[in-house]
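Undergrad: The structure is given below, and queries will be raised subsequently.
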Amino acid sequence: MDATQILSFGCMAGELQTPVSRLQKIAKQLGITPTSTINNIPYFDAADVERIADQIRSESQTEAIQ
């Protein structure tokens, strides 16, 4: 059996040291939707989490240059 890792915005916020509101905004901008919803909490698969993390890194690099 292949286990799939899914994370909520709350878990991502801790892992990425970024506020949930920023994660929600980035997910919306990238058109990322939850892989599943459990108890009204959206969860995202590892590929989508990585896309969000890439966007955060990209924004951070842009801010550092300015």
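Naming works like this for the structure tokens: A, B, ... for the chains as they're shown, residue 1 at the start of each chain, ligands 1 onward in shown order.
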Skipping near chain neighbours, those fewer than 2 positions away, what residues fall within 8 Å of stretch 40-50 of chain A using only C-alpha atoms, listed as a ChimeraX atom specification?
TA: /A:4-9,12,32-38,52-54
Undergrad: Pull the alpha helix (DSSP H) assignments for stretch 2-66 of chain A out of DSSP run on the backbone, and list those residues as JSON, numbers by chain.
TA: {"A": [9, 10, 11, 12, 13, 14, 15, 16, 20, 21, 22, 23, 24, 25, 26, 27, 28, 29, 30, 46, 47, 48, 49, 50, 51, 52, 53, 54, 55, 56, 57, 58, 59, 60, 61, 62, 63, 64, 65]}
Undergrad: Given only C-alpha atoms as the basis, pick out the residue of A:Gln55, A:Thr62, A:Cys11, A:Asn39 nearest to A:Lys25.
TA: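 Of the candidates, the smallest distance to A:Lys25 is held by A:Gln55.
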Undergrad: Separation of atom CA of A:Arg51 and atom CA of A:Gly31, in Å?
TA: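 One can read the atom CA of A:Arg51 to atom CA of A:Gly31 distance as 10.7 Å.
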Undergrad: Can you check which residues of chain A DSSP gives as strand (DSSP E or B) on the backbone and send them as a ChimeraX atom specification?
TA: /A:6-8,36-38,41-45
Undergrad: Just the residues within 10 Å of A:Ala13, please, counting only C-alpha atoms, with nothing from its chain fewer than 6 positions along; format it as a list in words.
TA: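 So the residues in contact are Leu7, Pro19, Val20, Ser21, Arg22 and Leu23 of chain A.
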